[in-house]
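Chemist: Would you mind keeping the following structure in view while I ask a few things?
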Amino acid sequence: MSNINQPFLSEEPNKFIGKGGIKFGLSIAIVVICIVAAGVAFYWIKTEPESQNTQNINIAKPVNQNERSTPLKKIDQDLGLFRATESDKLNNFIPTYEYYDAGIISSGQYAGYQLILGARSAESMTGYFIAIFATNDYKSYLLDKNSMSFPLDLNLEESGIENKKVIGFADLNFKQPKIIELGDFILIRQLIDLYEINPGDLAIESDIPGVRLYYESVPSINSSGREEGEKTSGQKLLESATNQFLSARTYILAQDDSGLIFTYLITSKESYERSKSTEEPYVSYGDFIVDSEIASIIPLYKTYGTLLPGGCGATDSTYIVKNISDTDLIKIGTTKSGANLYALKEKNHLLNQAEYYNKVIQSEDFFEELNKIVVPNYDEYVSKNPVLLLKDPWGNWLALGEVEYLIPGGCGKPVIYLYPTEPTEVKTSFIRPVEFSTVMPNYLANWDVMAYPDGRIQDLQPQLTDCNDINNKEIGLEYAKLACLANEYPYLYWSGQIFFVSYEKPEKGWIVKNNELGNFLNEKLFELGLTEKEKSDMISYWLPELQRKNAPYYRLSFLQTKELNKLIPMKISPRPNSVLRIFLDWEPLLNKPDRIIEPQTFFGFQRNGFTLVEWGGLKR
């Protein structure tokens, strides 16, 4: 039996979450600091000076890509730093806990303290909770206030932290500094998760003692395994562009010699300075470079950010590209900070074609409505150079795409039903930043409503929504004007994109004929647990959306509660006792695939006490 003061360290490699966890744990540390500082009423420990968390490092060359990581050592003992919440008990959920040795603090106020990474599984609206603790006696612990995978609630116990052992908060001193300055670029430390460095990841040398940096590699794709004849021309185009030119995502993994990894967002100095002037600062590739910051000799778009965006999440990363040489490019100007910018010399370059398909052709049915201009042809689109490139600090080509034109991709009409057991004031908010395309009633920091047991919702901030501005001819808003005037809504409704997350297509599902869509949705939504009214609401919106593509076959899949809690985490106060979240992922198919995909398994849903139900889907 291991000594309670010296937990046993396992040499087994980390297998708790793996690399997939990187996509869902990301948010901006600056935002979390604001939330935690404003929200947590607890004992605060004196922090280290901010200057110790900023570092300049020299520009270096890429190093051996086959270097392997040393995994964190698992602690085979429950340290008692987490606990089951009241919500867990009401939902009969038993959380699991994992602890890892994250090294020793080498300098500063807490030099010599042991760092512990703790991971707590959850069925709540905030998915996995991961945080770093420090101790010098394995009896009392400090919680690092900047490393949590999600912001803390006002009450520590509601967050699953055992406050009998966690005596306070501290700004712990890690080997990975908060800010790294690299010439024209800034690296901003994000939150922490459990990661795995793969051999294909692009290693980049750093001068931070004991810390290695990596770009996350982009795997080759094959249109979800479909045969060549089953792919559309657009799918083939995106597949070819990805495989030929995309080398790595610009999320940077910074691993110290204990195996502990933080992610960093690489951004321009201009974007970083803009973020500091906003009320809730965060940095997005949506405005990595704006035209006012470019001294250019050729026509350009107003704003550049993520190349080839897509899916429900508006990611904060773009791509490092390969197979691009200086002879493929033409210098077009510089940024304010002096970084050289380049455009593709060949207007028919595959990256230009892929960007046109992704931003225009794929959205052609909605393009004019969203952008208030006529759909541009290819020559018109590429005349303003939709793809720009610049060298990152290590000499790799970093590619940016125009983000001036909006696309309908994102979360399509998610609606949230609230069923308390008695009239209850409910506050609902998104943990990650959201770029709304539609929201009803209006949302400012949160929805604040009075919810009734029969599902009726009364807005307690009616001054935020102008009923006269509502277009009741817009699909999905047919009910909204009358609901607004009466201040009685059937649900909370939004559509848009969530920042700091990448969306991964489900592998399981069904292939459904066009004329069988209605019956299929009715059957599966019943199995998932929707009521007749909820089913009717969802089918009346999504069936026409699917059939608008007029395809002979469709691939249909559903994300369920646990996956939605990671993809779109929310904070609900008071917390619901029962939660059902459903998200439809789909794509039209020209032919029935020869390969049979594995059907999904649904888990039963029982409504108990205050119940929240949400449905939505992928807007194409």
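Chain identifiers are assigned as A, B, and so on, following the order in which chains appear in the structure tokens; residues are numbered from 1 within each chain, and ligands are numbered from 1 in order of appearance.
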What's the 7 Å shell around segment 245-262 of chain A, counting only C-alpha atoms, without same-chain residues fewer than 2 positions away, as an MDAnalysis selection string?
Modeler: chainID A and resid 69:72 102:103 175:176 189:192 195 210:218 241:243 264:266 317:323
Chemist: Can you build me a table of segment 507-572 of chain A residues sitting at most 12 Å from segment 474-479 of chain A, with the closest atom pair per residue and its distance in Å to one decimal, using only C-alpha atoms, sorted by chain and residue number, as a Markdown table?
Modeler:
| residue | atom | partner | partner_atom | distance |
| --- | --- | --- | --- | --- |
| A:Asp537 | CA | A:Gly476 | CA | 9.8 |
| A:Met538 | CA | A:Gly476 | CA | 10.3 |
| A:Ile539 | CA | A:Gly476 | CA | 11.7 |
| A:Ser540 | CA | A:Gly476 | CA | 9.2 |
| A:Tyr541 | CA | A:Gly476 | CA | 6.7 |
| A:Trp542 | CA | A:Gly476 | CA | 9.8 |
| A:Pro544 | CA | A:Ile475 | CA | 10.0 |
| A:Glu545 | CA | A:Ile475 | CA | 9.6 |
Chemist: So that I can see what lies close to Glu162 of chain A, please list as a ChimeraX atom specification the residues with an atom at most 12 Å from it, counting only C-alpha atoms and leaving out residues fewer than 5 positions away in the same chain.
Modeler: /A:79-85,118,120,133,140-143,155-157,167-168
Chemist: So, with only C-alpha atoms as the atoms that count, which of A:Tyr491, A:Phe610, A:Tyr553, A:Tyr301 lies closest to Gly401 of chain A?
Modeler: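 Smallest separation from Gly401 of chain A among the options: A:Tyr301.
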Chemist: In terms of the shortest atom-to-atom distance over only C-alpha atoms, which of A:Thr465, A:Leu567, A:Tyr381, A:Val426 is closest to Leu444 of chain A?
Modeler: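 Closest candidate: A:Thr465.
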Chemist: Quick one, how far is atom CA of Val415 of chain A from atom CA of Pro490 of chain A?
Modeler: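 One can read the atom CA of Val415 of chain A to atom CA of Pro490 of chain A distance as 9.2 Å.
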